[in-house]
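Colleague: Input structure: protein.cif, which contains mmCIF, N, CA and C atoms.
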data_query
#
loop_
_atom_site.label_atom_id
_atom_site.label_comp_id
_atom_site.auth_asym_id
_atom_site.auth_seq_id
_atom_site.Cartn_x
_atom_site.Cartn_y
_atom_site.Cartn_z
N MET A 30 -14.98 -13.90 3.62
CA MET A 30 -14.31 -12.98 4.51
C MET A 30 -15.30 -11.96 5.02
N THR A 31 -15.21 -11.65 6.30
CA THR A 31 -16.03 -10.62 6.90
C THR A 31 -15.52 -9.27 6.46
N PRO A 32 -16.40 -8.35 6.08
CA PRO A 32 -15.93 -7.02 5.67
C PRO A 32 -15.13 -6.36 6.79
N ILE A 33 -14.17 -5.56 6.38
CA ILE A 33 -13.34 -4.79 7.31
C ILE A 33 -13.86 -3.36 7.31
N GLU A 34 -14.07 -2.81 8.49
CA GLU A 34 -14.40 -1.40 8.61
C GLU A 34 -13.25 -0.72 9.32
N THR A 35 -12.73 0.32 8.69
CA THR A 35 -11.58 1.04 9.22
C THR A 35 -11.72 2.50 8.84
N GLY A 36 -10.70 3.26 9.09
CA GLY A 36 -10.77 4.67 8.72
C GLY A 36 -9.54 5.42 9.15
N CYS A 37 -9.71 6.72 9.30
CA CYS A 37 -8.60 7.59 9.66
C CYS A 37 -8.40 7.61 11.17
N LEU A 38 -7.35 8.29 11.59
CA LEU A 38 -7.01 8.34 13.00
C LEU A 38 -8.00 9.15 13.83
N CYS A 39 -8.61 10.19 13.24
CA CYS A 39 -9.55 11.01 14.02
C CYS A 39 -10.97 10.45 13.99
N GLY A 40 -11.23 9.48 13.13
CA GLY A 40 -12.55 8.85 13.05
C GLY A 40 -13.52 9.53 12.10
N ALA A 41 -13.12 10.62 11.45
CA ALA A 41 -14.02 11.33 10.54
C ALA A 41 -14.32 10.53 9.28
N VAL A 42 -13.34 9.81 8.77
CA VAL A 42 -13.52 9.00 7.56
C VAL A 42 -13.63 7.54 7.94
N ARG A 43 -14.63 6.89 7.41
CA ARG A 43 -14.81 5.45 7.62
C ARG A 43 -14.83 4.79 6.25
N ILE A 44 -14.05 3.73 6.10
CA ILE A 44 -14.07 2.97 4.86
C ILE A 44 -14.41 1.52 5.16
N ARG A 45 -15.01 0.89 4.17
CA ARG A 45 -15.38 -0.52 4.27
C ARG A 45 -14.65 -1.27 3.16
N ILE A 46 -14.04 -2.37 3.53
CA ILE A 46 -13.34 -3.22 2.57
C ILE A 46 -14.04 -4.57 2.58
N ASP A 47 -14.60 -4.92 1.46
CA ASP A 47 -15.39 -6.14 1.36
C ASP A 47 -14.77 -7.05 0.31
N GLY A 48 -13.95 -7.98 0.76
CA GLY A 48 -13.30 -8.91 -0.15
C GLY A 48 -11.88 -9.18 0.28
N GLU A 49 -11.29 -10.13 -0.38
CA GLU A 49 -9.90 -10.52 -0.11
C GLU A 49 -8.94 -9.65 -0.91
N PRO A 50 -7.78 -9.35 -0.35
CA PRO A 50 -6.80 -8.60 -1.14
C PRO A 50 -6.24 -9.46 -2.27
N VAL A 51 -5.87 -8.80 -3.34
CA VAL A 51 -5.21 -9.49 -4.45
C VAL A 51 -3.81 -9.89 -4.02
N VAL A 52 -3.12 -8.96 -3.34
CA VAL A 52 -1.77 -9.20 -2.83
C VAL A 52 -1.41 -8.08 -1.85
N GLY A 53 -0.46 -8.38 -1.00
CA GLY A 53 0.09 -7.38 -0.09
C GLY A 53 1.59 -7.31 -0.30
N PHE A 54 2.17 -6.11 -0.14
CA PHE A 54 3.61 -5.94 -0.34
C PHE A 54 4.09 -4.69 0.37
N TYR A 55 5.40 -4.54 0.43
CA TYR A 55 6.03 -3.33 0.95
C TYR A 55 6.66 -2.60 -0.24
N CYS A 56 6.43 -1.30 -0.33
CA CYS A 56 6.99 -0.51 -1.43
C CYS A 56 8.04 0.46 -0.90
N HIS A 57 9.18 0.50 -1.58
CA HIS A 57 10.30 1.36 -1.21
C HIS A 57 10.51 2.49 -2.21
N CYS A 58 9.58 2.74 -3.12
CA CYS A 58 9.78 3.75 -4.16
C CYS A 58 9.82 5.16 -3.55
N PRO A 59 10.49 6.09 -4.22
CA PRO A 59 10.58 7.46 -3.70
C PRO A 59 9.22 8.13 -3.52
N ASP A 60 8.26 7.84 -4.38
CA ASP A 60 6.93 8.44 -4.27
C ASP A 60 6.24 7.99 -2.99
N CYS A 61 6.24 6.70 -2.72
CA CYS A 61 5.62 6.19 -1.49
C CYS A 61 6.34 6.71 -0.26
N ARG A 62 7.66 6.71 -0.30
CA ARG A 62 8.43 7.20 0.86
C ARG A 62 8.10 8.65 1.15
N ALA A 63 8.05 9.48 0.11
CA ALA A 63 7.76 10.90 0.31
C ALA A 63 6.32 11.11 0.77
N ALA A 64 5.39 10.41 0.18
CA ALA A 64 3.97 10.59 0.53
C ALA A 64 3.66 10.20 1.97
N HIS A 65 4.39 9.23 2.48
CA HIS A 65 4.10 8.72 3.82
C HIS A 65 5.14 9.11 4.86
N GLY A 66 6.22 9.74 4.43
CA GLY A 66 7.27 10.12 5.37
C GLY A 66 7.86 8.90 6.07
N ALA A 67 8.08 7.85 5.30
CA ALA A 67 8.54 6.58 5.87
C ALA A 67 9.60 5.96 4.96
N ASP A 68 10.35 5.02 5.51
CA ASP A 68 11.36 4.31 4.71
C ASP A 68 10.72 3.42 3.66
N TYR A 69 9.56 2.86 3.97
CA TYR A 69 8.78 2.04 3.04
C TYR A 69 7.35 1.96 3.57
N VAL A 70 6.45 1.50 2.70
CA VAL A 70 5.03 1.49 3.04
C VAL A 70 4.42 0.13 2.73
N GLY A 71 3.63 -0.39 3.65
CA GLY A 71 2.86 -1.61 3.40
C GLY A 71 1.59 -1.26 2.65
N VAL A 72 1.30 -2.05 1.61
CA VAL A 72 0.12 -1.81 0.77
C VAL A 72 -0.59 -3.14 0.53
N ALA A 73 -1.91 -3.13 0.65
CA ALA A 73 -2.73 -4.29 0.29
C ALA A 73 -3.58 -3.88 -0.90
N LEU A 74 -3.46 -4.60 -2.00
CA LEU A 74 -4.23 -4.30 -3.22
C LEU A 74 -5.55 -5.04 -3.23
N TYR A 75 -6.61 -4.29 -3.53
CA TYR A 75 -7.96 -4.85 -3.62
C TYR A 75 -8.59 -4.43 -4.94
N PRO A 76 -9.58 -5.17 -5.43
CA PRO A 76 -10.36 -4.68 -6.57
C PRO A 76 -11.02 -3.36 -6.16
N PRO A 77 -11.17 -2.41 -7.07
CA PRO A 77 -11.71 -1.10 -6.71
C PRO A 77 -13.07 -1.15 -6.02
N ALA A 78 -13.94 -2.04 -6.44
CA ALA A 78 -15.28 -2.12 -5.86
C ALA A 78 -15.25 -2.61 -4.41
N ALA A 79 -14.15 -3.19 -3.98
CA ALA A 79 -14.06 -3.73 -2.63
C ALA A 79 -13.82 -2.65 -1.58
N VAL A 80 -13.38 -1.46 -2.00
CA VAL A 80 -13.04 -0.39 -1.06
C VAL A 80 -14.02 0.77 -1.27
N GLU A 81 -14.79 1.05 -0.22
CA GLU A 81 -15.82 2.07 -0.32
C GLU A 81 -15.72 3.04 0.87
N VAL A 82 -15.79 4.33 0.57
CA VAL A 82 -15.83 5.34 1.61
C VAL A 82 -17.27 5.41 2.11
N MET A 83 -17.45 5.13 3.39
CA MET A 83 -18.79 5.09 3.98
C MET A 83 -19.17 6.42 4.63
N ALA A 84 -18.21 7.15 5.15
CA ALA A 84 -18.49 8.41 5.83
C ALA A 84 -17.26 9.30 5.80
N GLY A 85 -17.48 10.59 5.83
CA GLY A 85 -16.39 11.54 5.92
C GLY A 85 -15.94 12.08 4.58
N GLU A 86 -15.08 13.07 4.65
CA GLU A 86 -14.57 13.72 3.45
C GLU A 86 -13.15 13.27 3.17
N VAL A 87 -12.96 12.73 1.97
CA VAL A 87 -11.65 12.29 1.52
C VAL A 87 -11.14 13.28 0.49
N ALA A 88 -9.90 13.68 0.63
CA ALA A 88 -9.24 14.54 -0.34
C ALA A 88 -8.10 13.74 -0.97
N THR A 89 -7.53 14.25 -2.05
CA THR A 89 -6.42 13.55 -2.69
C THR A 89 -5.25 14.51 -2.92
N PHE A 90 -4.07 13.93 -3.01
CA PHE A 90 -2.86 14.67 -3.37
C PHE A 90 -1.96 13.72 -4.13
N ALA A 91 -1.03 14.26 -4.88
CA ALA A 91 -0.04 13.45 -5.60
C ALA A 91 1.31 14.12 -5.47
N ILE A 92 2.32 13.31 -5.20
CA ILE A 92 3.69 13.84 -5.15
C ILE A 92 4.31 13.73 -6.54
N GLU A 93 4.32 12.53 -7.09
CA GLU A 93 4.83 12.35 -8.45
C GLU A 93 3.65 12.17 -9.41
N SER A 94 2.94 11.05 -9.28
CA SER A 94 1.84 10.82 -10.22
C SER A 94 0.63 10.12 -9.60
N LEU A 95 0.82 9.35 -8.56
CA LEU A 95 -0.26 8.54 -8.00
C LEU A 95 -1.12 9.37 -7.04
N PRO A 96 -2.40 9.60 -7.37
CA PRO A 96 -3.27 10.33 -6.44
C PRO A 96 -3.59 9.45 -5.22
N ARG A 97 -3.34 10.01 -4.05
CA ARG A 97 -3.54 9.28 -2.79
C ARG A 97 -4.66 9.94 -2.01
N ALA A 98 -5.55 9.11 -1.47
CA ALA A 98 -6.68 9.61 -0.68
C ALA A 98 -6.29 9.71 0.79
N PHE A 99 -6.73 10.79 1.42
CA PHE A 99 -6.46 11.00 2.84
C PHE A 99 -7.64 11.69 3.49
N CYS A 100 -7.71 11.63 4.81
CA CYS A 100 -8.76 12.31 5.55
C CYS A 100 -8.55 13.81 5.43
N ALA A 101 -9.60 14.53 5.02
CA ALA A 101 -9.50 15.97 4.87
C ALA A 101 -9.34 16.68 6.22
N ARG A 102 -9.70 16.01 7.31
CA ARG A 102 -9.59 16.64 8.63
C ARG A 102 -8.22 16.38 9.28
N CYS A 103 -7.81 15.11 9.39
CA CYS A 103 -6.58 14.80 10.13
C CYS A 103 -5.38 14.45 9.25
N GLY A 104 -5.60 14.21 7.96
CA GLY A 104 -4.50 13.94 7.04
C GLY A 104 -4.05 12.49 6.95
N THR A 105 -4.71 11.58 7.66
CA THR A 105 -4.32 10.17 7.61
C THR A 105 -4.40 9.66 6.18
N ARG A 106 -3.29 9.05 5.70
CA ARG A 106 -3.28 8.42 4.37
C ARG A 106 -4.12 7.16 4.44
N LEU A 107 -5.00 6.97 3.44
CA LEU A 107 -5.93 5.84 3.48
C LEU A 107 -5.74 4.86 2.34
N PHE A 108 -5.80 5.34 1.11
CA PHE A 108 -5.70 4.45 -0.04
C PHE A 108 -5.33 5.24 -1.29
N ALA A 109 -5.03 4.50 -2.36
CA ALA A 109 -4.77 5.09 -3.67
C ALA A 109 -5.43 4.21 -4.72
N ARG A 110 -6.12 4.84 -5.64
CA ARG A 110 -6.71 4.12 -6.76
C ARG A 110 -5.66 4.09 -7.87
N LEU A 111 -5.25 2.89 -8.27
CA LEU A 111 -4.23 2.75 -9.30
C LEU A 111 -4.92 2.73 -10.66
N PRO A 112 -4.91 3.83 -11.38
CA PRO A 112 -5.69 3.93 -12.62
C PRO A 112 -5.27 2.95 -13.71
N ASP A 113 -3.98 2.67 -13.82
CA ASP A 113 -3.51 1.78 -14.89
C ASP A 113 -3.70 0.31 -14.56
N ALA A 114 -3.90 -0.01 -13.28
CA ALA A 114 -4.00 -1.41 -12.88
C ALA A 114 -5.41 -1.79 -12.45
N ASP A 115 -6.34 -0.83 -12.38
CA ASP A 115 -7.70 -1.09 -11.94
C ASP A 115 -7.71 -1.78 -10.57
N LEU A 116 -6.90 -1.24 -9.66
CA LEU A 116 -6.80 -1.75 -8.30
C LEU A 116 -6.79 -0.58 -7.32
N THR A 117 -7.08 -0.88 -6.07
CA THR A 117 -7.00 0.11 -5.01
C THR A 117 -6.02 -0.39 -3.97
N GLY A 118 -5.02 0.43 -3.67
CA GLY A 118 -4.01 0.09 -2.68
C GLY A 118 -4.35 0.71 -1.34
N VAL A 119 -4.69 -0.12 -0.37
CA VAL A 119 -5.01 0.36 0.98
C VAL A 119 -3.73 0.35 1.81
N VAL A 120 -3.49 1.45 2.51
CA VAL A 120 -2.31 1.54 3.37
C VAL A 120 -2.46 0.51 4.49
N ALA A 121 -1.46 -0.32 4.65
CA ALA A 121 -1.53 -1.45 5.58
C ALA A 121 -1.78 -1.03 7.03
N THR A 122 -1.31 0.14 7.42
CA THR A 122 -1.53 0.58 8.80
C THR A 122 -3.00 0.87 9.09
N ARG A 123 -3.82 0.94 8.09
CA ARG A 123 -5.26 1.16 8.29
C ARG A 123 -6.03 -0.15 8.41
N LEU A 124 -5.36 -1.26 8.24
CA LEU A 124 -5.99 -2.58 8.35
C LEU A 124 -5.88 -3.11 9.77
N PRO A 125 -6.85 -3.92 10.19
CA PRO A 125 -6.73 -4.51 11.53
C PRO A 125 -5.55 -5.48 11.60
N GLU A 126 -5.08 -5.70 12.82
CA GLU A 126 -3.96 -6.60 13.03
C GLU A 126 -4.27 -7.97 12.42
N GLY A 127 -3.30 -8.50 11.69
CA GLY A 127 -3.44 -9.81 11.06
C GLY A 127 -4.05 -9.78 9.67
N ALA A 128 -4.62 -8.65 9.24
CA ALA A 128 -5.25 -8.59 7.91
C ALA A 128 -4.24 -8.34 6.80
N PHE A 129 -3.12 -7.73 7.13
CA PHE A 129 -2.09 -7.46 6.13
C PHE A 129 -1.13 -8.64 6.07
N ARG A 130 -1.05 -9.27 4.88
CA ARG A 130 -0.19 -10.43 4.69
C ARG A 130 0.74 -10.14 3.49
N PRO A 131 1.88 -9.51 3.75
CA PRO A 131 2.77 -9.15 2.65
C PRO A 131 3.42 -10.37 2.02
N ALA A 132 3.59 -10.30 0.69
CA ALA A 132 4.20 -11.40 -0.05
C ALA A 132 5.62 -11.07 -0.53
N PHE A 133 5.95 -9.77 -0.64
CA PHE A 133 7.25 -9.36 -1.15
C PHE A 133 7.47 -7.87 -0.93
N HIS A 134 8.68 -7.40 -1.28
CA HIS A 134 9.04 -5.99 -1.28
C HIS A 134 9.27 -5.58 -2.73
N ILE A 135 8.91 -4.33 -3.09
CA ILE A 135 9.16 -3.83 -4.45
C ILE A 135 9.98 -2.54 -4.38
N HIS A 136 10.61 -2.22 -5.51
CA HIS A 136 11.45 -1.02 -5.67
C HIS A 136 12.57 -0.95 -4.63
N CYS A 137 13.16 -2.09 -4.36
CA CYS A 137 14.21 -2.16 -3.34
C CYS A 137 15.50 -1.48 -3.78
N SER A 138 15.65 -1.18 -5.07
CA SER A 138 16.82 -0.42 -5.50
C SER A 138 16.79 0.99 -4.91
N HIS A 139 15.62 1.43 -4.45
CA HIS A 139 15.46 2.75 -3.83
C HIS A 139 15.44 2.68 -2.31
N ALA A 140 15.61 1.50 -1.75
CA ALA A 140 15.51 1.34 -0.29
C ALA A 140 16.57 2.18 0.40
N LEU A 141 16.19 2.81 1.50
CA LEU A 141 17.12 3.62 2.28
C LEU A 141 18.05 2.77 3.14
N ALA A 142 17.55 1.59 3.51
CA ALA A 142 18.35 0.67 4.33
C ALA A 142 17.85 -0.74 4.05
N PRO A 143 18.70 -1.75 4.25
CA PRO A 143 18.26 -3.12 4.04
C PRO A 143 17.14 -3.51 5.01
N VAL A 144 16.21 -4.28 4.52
CA VAL A 144 15.16 -4.87 5.36
C VAL A 144 15.37 -6.37 5.29
N ARG A 145 15.70 -6.95 6.37
CA ARG A 145 16.01 -8.38 6.39
C ARG A 145 14.80 -9.15 6.93
N ASP A 146 14.16 -9.86 6.02
CA ASP A 146 13.05 -10.74 6.38
C ASP A 146 13.04 -11.88 5.38
N ASP A 147 12.08 -12.75 5.48
CA ASP A 147 12.03 -13.93 4.61
C ASP A 147 11.29 -13.70 3.29
N LEU A 148 10.90 -12.47 3.00
CA LEU A 148 10.16 -12.17 1.78
C LEU A 148 11.11 -11.89 0.62
N PRO A 149 10.68 -12.11 -0.62
CA PRO A 149 11.49 -11.71 -1.78
C PRO A 149 11.61 -10.18 -1.83
N HIS A 150 12.77 -9.69 -2.24
CA HIS A 150 13.05 -8.26 -2.34
C HIS A 150 13.39 -7.95 -3.80
N TYR A 151 12.42 -7.44 -4.55
CA TYR A 151 12.62 -7.15 -5.97
C TYR A 151 13.30 -5.81 -6.17
N ARG A 152 14.29 -5.79 -7.06
CA ARG A 152 14.99 -4.55 -7.37
C ARG A 152 13.99 -3.50 -7.87
N ALA A 153 13.06 -3.90 -8.71
CA ALA A 153 12.02 -3.00 -9.23
C ALA A 153 10.66 -3.66 -8.94
N LEU A 154 10.12 -4.34 -9.95
CA LEU A 154 8.82 -5.01 -9.81
C LEU A 154 8.95 -6.49 -10.11
N PRO A 155 8.10 -7.31 -9.50
CA PRO A 155 8.11 -8.74 -9.83
C PRO A 155 7.45 -8.99 -11.19
N PRO A 156 7.67 -10.15 -11.77
CA PRO A 156 7.09 -10.46 -13.08
C PRO A 156 5.56 -10.27 -13.13
N ALA A 157 4.86 -10.59 -12.07
CA ALA A 157 3.40 -10.46 -12.06
C ALA A 157 2.96 -9.00 -12.22
N PHE A 158 3.85 -8.05 -11.93
CA PHE A 158 3.54 -6.63 -12.06
C PHE A 158 4.22 -6.02 -13.29
N GLY A 159 4.70 -6.87 -14.18
CA GLY A 159 5.33 -6.37 -15.40
C GLY A 159 6.83 -6.16 -15.29
N GLY A 160 7.42 -6.57 -14.19
CA GLY A 160 8.87 -6.42 -14.01
C GLY A 160 9.59 -7.70 -14.35
N ASP A 161 10.81 -7.79 -13.86
CA ASP A 161 11.59 -9.02 -14.06
C ASP A 161 11.76 -9.69 -12.70
N ASP A 162 12.56 -10.68 -12.65
CA ASP A 162 12.75 -11.42 -11.40
C ASP A 162 14.01 -10.97 -10.66
N GLU A 163 14.58 -9.82 -11.07
CA GLU A 163 15.81 -9.36 -10.45
C GLU A 163 15.55 -8.93 -9.01
N ARG A 164 16.37 -9.43 -8.11
CA ARG A 164 16.20 -9.16 -6.68
C ARG A 164 17.46 -8.55 -6.10
N VAL A 165 17.32 -7.93 -4.96
CA VAL A 165 18.48 -7.42 -4.25
C VAL A 165 18.86 -8.45 -3.19
N ASP A 166 20.14 -8.50 -2.89
CA ASP A 166 20.63 -9.46 -1.89
C ASP A 166 21.27 -8.67 -0.77
N TRP A 167 20.50 -8.48 0.29
CA TRP A 167 21.02 -7.73 1.42
C TRP A 167 21.73 -8.69 2.33
#
Could you render the structure as structure tokens?

Modeller:
Amino acid sequence: MTPIETGCLCGAVRIRIDGEPVVGFYCHCPDCRAAHGADYVGVALYPPAAVEVMAGEVATFAIESLPRAFCARCGTRLFARLPDADLTGVVATRLPEGAFRPAFHIHCSHALAPVRDDLPHYRALPPAFGGDDERVDW
């Protein structure tokens, strides 16, 4: 895979992603919704070494527990390092078109509204993330 170079909306922060994502998904948890001001957020998980800040100043904030990196100048949300999973979650809107390939939705018990698509919709987490196979049926 060719490395992806992306960054914030103002161009101050540039990040390089070198490698394939482990998985992509949509998260409906209250923390993600609050942090992004959205009904749900697309996330692509990468090994931590695959995501590198090349230029600019990144700051972090946490609403509940997950520290999220953002551009210190314009506030664009960029990524979060998941300390317990040794992964980095890149916000899907920062990826080029076609690079985000979601496989499922998580934390759908917290969804504000049904999302009807062909992906699995897990009530909490899928088995691969330590959850069960319980799904919501919209």

Colleague: Selection in question (the file shown): the PyMOL selection byres ((chain A and resi 36-42) around 5). Which residues does it include, as a list in words?

Modeller: Glu34, Thr35, Arg43, Ile44, Ala84 and Gly85 of chain A

Colleague: Quick one: which residues end up in the PyMOL selection byres ((chain A and resi 120-128) around 5) for this structure, as an NGL selection string?

Modeller: :A and (71-73 or 107-108 or 118-119 or 129-130)

Colleague: Taking all listed atoms of range 142-154 of chain A, build the axis-aligned box, pad each of the six sides by 5 Å, then write its centre and edge lengths in Å to one decimal as AutoDock Vina command-line options.

Modeller:
--center_x 13.8 --center_y -6.2 --center_z -1.6 --size_x 19.9 --size_y 25.5 --size_z 27.0

Colleague: Can you pull out every residue within 6.5 Å of Leu141 in chain A, counting all atoms listed in the file, but drop anything in the same chain fewer than 2 positions away, and send it as JSON, numbers by chain?

Modeller: {"A": [68, 139, 143]}

Colleague: Select, from A:Val52, A:Ala63, A:Ile33, A:Pro96, the residue with the minimum atom-to-atom distance to Met83 in chain A, counting only C-alpha atoms.

Modeller: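 Smallest distance to Met83 in chain A is found for A:Ile33.
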
Colleague: Run DSSP on the backbone and tell me which residues of chain A come out as strand (DSSP E); list them as a short mmCIF file (atom, residue, chain, number, x, y, z; two decimals) with N, CA and C atoms, keeping the file's coordinate frame.

Modeller:
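part.cif, written as the output of this step:
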data_model
loop_
_atom_site.label_atom_id
_atom_site.label_comp_id
_atom_site.auth_asym_id
_atom_site.auth_seq_id
_atom_site.Cartn_x
_atom_site.Cartn_y
_atom_site.Cartn_z
N ILE A 33 -14.17 -5.56 6.38
CA ILE A 33 -13.34 -4.79 7.31
C ILE A 33 -13.86 -3.36 7.31
N GLU A 34 -14.07 -2.81 8.49
CA GLU A 34 -14.40 -1.40 8.61
C GLU A 34 -13.25 -0.72 9.32
N THR A 35 -12.73 0.32 8.69
CA THR A 35 -11.58 1.04 9.22
C THR A 35 -11.72 2.50 8.84
N GLY A 36 -10.70 3.26 9.09
CA GLY A 36 -10.77 4.67 8.72
C GLY A 36 -9.54 5.42 9.15
N ARG A 43 -14.63 6.89 7.41
CA ARG A 43 -14.81 5.45 7.62
C ARG A 43 -14.83 4.79 6.25
N ILE A 44 -14.05 3.73 6.10
CA ILE A 44 -14.07 2.97 4.86
C ILE A 44 -14.41 1.52 5.16
N ARG A 45 -15.01 0.89 4.17
CA ARG A 45 -15.38 -0.52 4.27
C ARG A 45 -14.65 -1.27 3.16
N ILE A 46 -14.04 -2.37 3.53
CA ILE A 46 -13.34 -3.22 2.57
C ILE A 46 -14.04 -4.57 2.58
N VAL A 52 -3.12 -8.96 -3.34
CA VAL A 52 -1.77 -9.20 -2.83
C VAL A 52 -1.41 -8.08 -1.85
N GLY A 53 -0.46 -8.38 -1.00
CA GLY A 53 0.09 -7.38 -0.09
C GLY A 53 1.59 -7.31 -0.30
N PHE A 54 2.17 -6.11 -0.14
CA PHE A 54 3.61 -5.94 -0.34
C PHE A 54 4.09 -4.69 0.37
N TYR A 55 5.40 -4.54 0.43
CA TYR A 55 6.03 -3.33 0.95
C TYR A 55 6.66 -2.60 -0.24
N CYS A 56 6.43 -1.30 -0.33
CA CYS A 56 6.99 -0.51 -1.43
C CYS A 56 8.04 0.46 -0.90
N VAL A 70 6.45 1.50 2.70
CA VAL A 70 5.03 1.49 3.04
C VAL A 70 4.42 0.13 2.73
N GLY A 71 3.63 -0.39 3.65
CA GLY A 71 2.86 -1.61 3.40
C GLY A 71 1.59 -1.26 2.65
N VAL A 72 1.30 -2.05 1.61
CA VAL A 72 0.12 -1.81 0.77
C VAL A 72 -0.59 -3.14 0.53
N ALA A 73 -1.91 -3.13 0.65
CA ALA A 73 -2.73 -4.29 0.29
C ALA A 73 -3.58 -3.88 -0.90
N LEU A 74 -3.46 -4.60 -2.00
CA LEU A 74 -4.23 -4.30 -3.22
C LEU A 74 -5.55 -5.04 -3.23
N TYR A 75 -6.61 -4.29 -3.53
CA TYR A 75 -7.96 -4.85 -3.62
C TYR A 75 -8.59 -4.43 -4.94
N VAL A 80 -13.38 -1.46 -2.00
CA VAL A 80 -13.04 -0.39 -1.06
C VAL A 80 -14.02 0.77 -1.27
N GLU A 81 -14.79 1.05 -0.22
CA GLU A 81 -15.82 2.07 -0.32
C GLU A 81 -15.72 3.04 0.87
N VAL A 82 -15.79 4.33 0.57
CA VAL A 82 -15.83 5.34 1.61
C VAL A 82 -17.27 5.41 2.11
N MET A 83 -17.45 5.13 3.39
CA MET A 83 -18.79 5.09 3.98
C MET A 83 -19.17 6.42 4.63
N ALA A 84 -18.21 7.15 5.15
CA ALA A 84 -18.49 8.41 5.83
C ALA A 84 -17.26 9.30 5.80
N VAL A 87 -12.96 12.73 1.97
CA VAL A 87 -11.65 12.29 1.52
C VAL A 87 -11.14 13.28 0.49
N ALA A 88 -9.90 13.68 0.63
CA ALA A 88 -9.24 14.54 -0.34
C ALA A 88 -8.10 13.74 -0.97
N THR A 89 -7.53 14.25 -2.05
CA THR A 89 -6.42 13.55 -2.69
C THR A 89 -5.25 14.51 -2.92
N PHE A 90 -4.07 13.93 -3.01
CA PHE A 90 -2.86 14.67 -3.37
C PHE A 90 -1.96 13.72 -4.13
N ARG A 97 -3.34 10.01 -4.05
CA ARG A 97 -3.54 9.28 -2.79
C ARG A 97 -4.66 9.94 -2.01
N ALA A 98 -5.55 9.11 -1.47
CA ALA A 98 -6.68 9.61 -0.68
C ALA A 98 -6.29 9.71 0.79
N PHE A 99 -6.73 10.79 1.42
CA PHE A 99 -6.46 11.00 2.84
C PHE A 99 -7.64 11.69 3.49
N CYS A 100 -7.71 11.63 4.81
CA CYS A 100 -8.76 12.31 5.55
C CYS A 100 -8.55 13.81 5.43
N ARG A 106 -3.29 9.05 5.70
CA ARG A 106 -3.28 8.42 4.37
C ARG A 106 -4.12 7.16 4.44
N LEU A 107 -5.00 6.97 3.44
CA LEU A 107 -5.93 5.84 3.48
C LEU A 107 -5.74 4.86 2.34
N PHE A 108 -5.80 5.34 1.11
CA PHE A 108 -5.70 4.45 -0.04
C PHE A 108 -5.33 5.24 -1.29
N ALA A 109 -5.03 4.50 -2.36
CA ALA A 109 -4.77 5.09 -3.67
C ALA A 109 -5.43 4.21 -4.72
N ARG A 110 -6.12 4.84 -5.64
CA ARG A 110 -6.71 4.12 -6.76
C ARG A 110 -5.66 4.09 -7.87
N LEU A 111 -5.25 2.89 -8.27
CA LEU A 111 -4.23 2.75 -9.30
C LEU A 111 -4.92 2.73 -10.66
N LEU A 116 -6.90 -1.24 -9.66
CA LEU A 116 -6.80 -1.75 -8.30
C LEU A 116 -6.79 -0.58 -7.32
N THR A 117 -7.08 -0.88 -6.07
CA THR A 117 -7.00 0.11 -5.01
C THR A 117 -6.02 -0.39 -3.97
N GLY A 118 -5.02 0.43 -3.67
CA GLY A 118 -4.01 0.09 -2.68
C GLY A 118 -4.35 0.71 -1.34
N VAL A 119 -4.69 -0.12 -0.37
CA VAL A 119 -5.01 0.36 0.98
C VAL A 119 -3.73 0.35 1.81
N VAL A 120 -3.49 1.45 2.51
CA VAL A 120 -2.31 1.54 3.37
C VAL A 120 -2.46 0.51 4.49
N PHE A 133 5.95 -9.77 -0.64
CA PHE A 133 7.25 -9.36 -1.15
C PHE A 133 7.47 -7.87 -0.93
N HIS A 134 8.68 -7.40 -1.28
CA HIS A 134 9.04 -5.99 -1.28
C HIS A 134 9.27 -5.58 -2.73
N ILE A 135 8.91 -4.33 -3.09
CA ILE A 135 9.16 -3.83 -4.45
C ILE A 135 9.98 -2.54 -4.38
#

Colleague: Residue by residue, what does the PyMOL selection byres (((chain A and resi 152-164 and name CA) around 9) and name CA) grab here? Present the result as a PyMOL selection string.

Modeller: chain A and resi 58+133-139+149-151+165-166

Colleague: As an exercise, work out the distance from CA of Pro77 in chain A to atom N of Ala98 in chain A in Å and give it to one decimal place.

Modeller: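 Atom N of Ala98 in chain A lies at a distance of 13.0 Å from CA of Pro77 in chain A.
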
Colleague: Using Å and a single decimal, report how far atom C of Glu86 in chain A sits from atom N of Phe99 in chain A.

Modeller: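 Pair atom N of Phe99 in chain A / atom C of Glu86 in chain A returns 7.1 Å.
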
Colleague: Which residue is closest to Glu93 in chain A? Choose from A:Pro131, A:Pro59, A:Pro50, A:Pro76 and count only N, CA and C atoms.

Modeller: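 Closest candidate: A:Pro59.
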
Colleague: Report, in Å with one decimal, the straight-line distance from atom C of Asp47 in chain A to atom N of Leu116 in chain A.

Modeller: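 If I compute the distance from atom C of Asp47 in chain A to atom N of Leu116 in chain A, I get 14.0 Å.
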
Colleague: Which residue gives the smallest distance to Arg102 in chain A among A:Val80, A:Ala88, A:Ala132, A:Ala114, with only C-alpha atoms counted?

Modeller: A:Ala88

Colleague: Enumerate the residues of chain A with a DSSP assignment of alpha helix (DSSP H), computed from the backbone, and present them as number ranges by chain.

Modeller: A: 59-65

Colleague: Measuring atom to atom with only N, CA and C atoms, identify which of A:Ala109, A:Cys56, A:Ile92, A:Ala79 is nearest to Ala140 in chain A.

Modeller: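 When distances to Ala140 in chain A are compared using only N, CA and C atoms, the smallest one comes from A:Cys56.
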
Colleague: Which of these, A:Tyr69, A:Trp167, A:Tyr75, A:Phe90, has the shortest distance to His57 in chain A once you count only C-alpha atoms?

Modeller: A:Tyr69
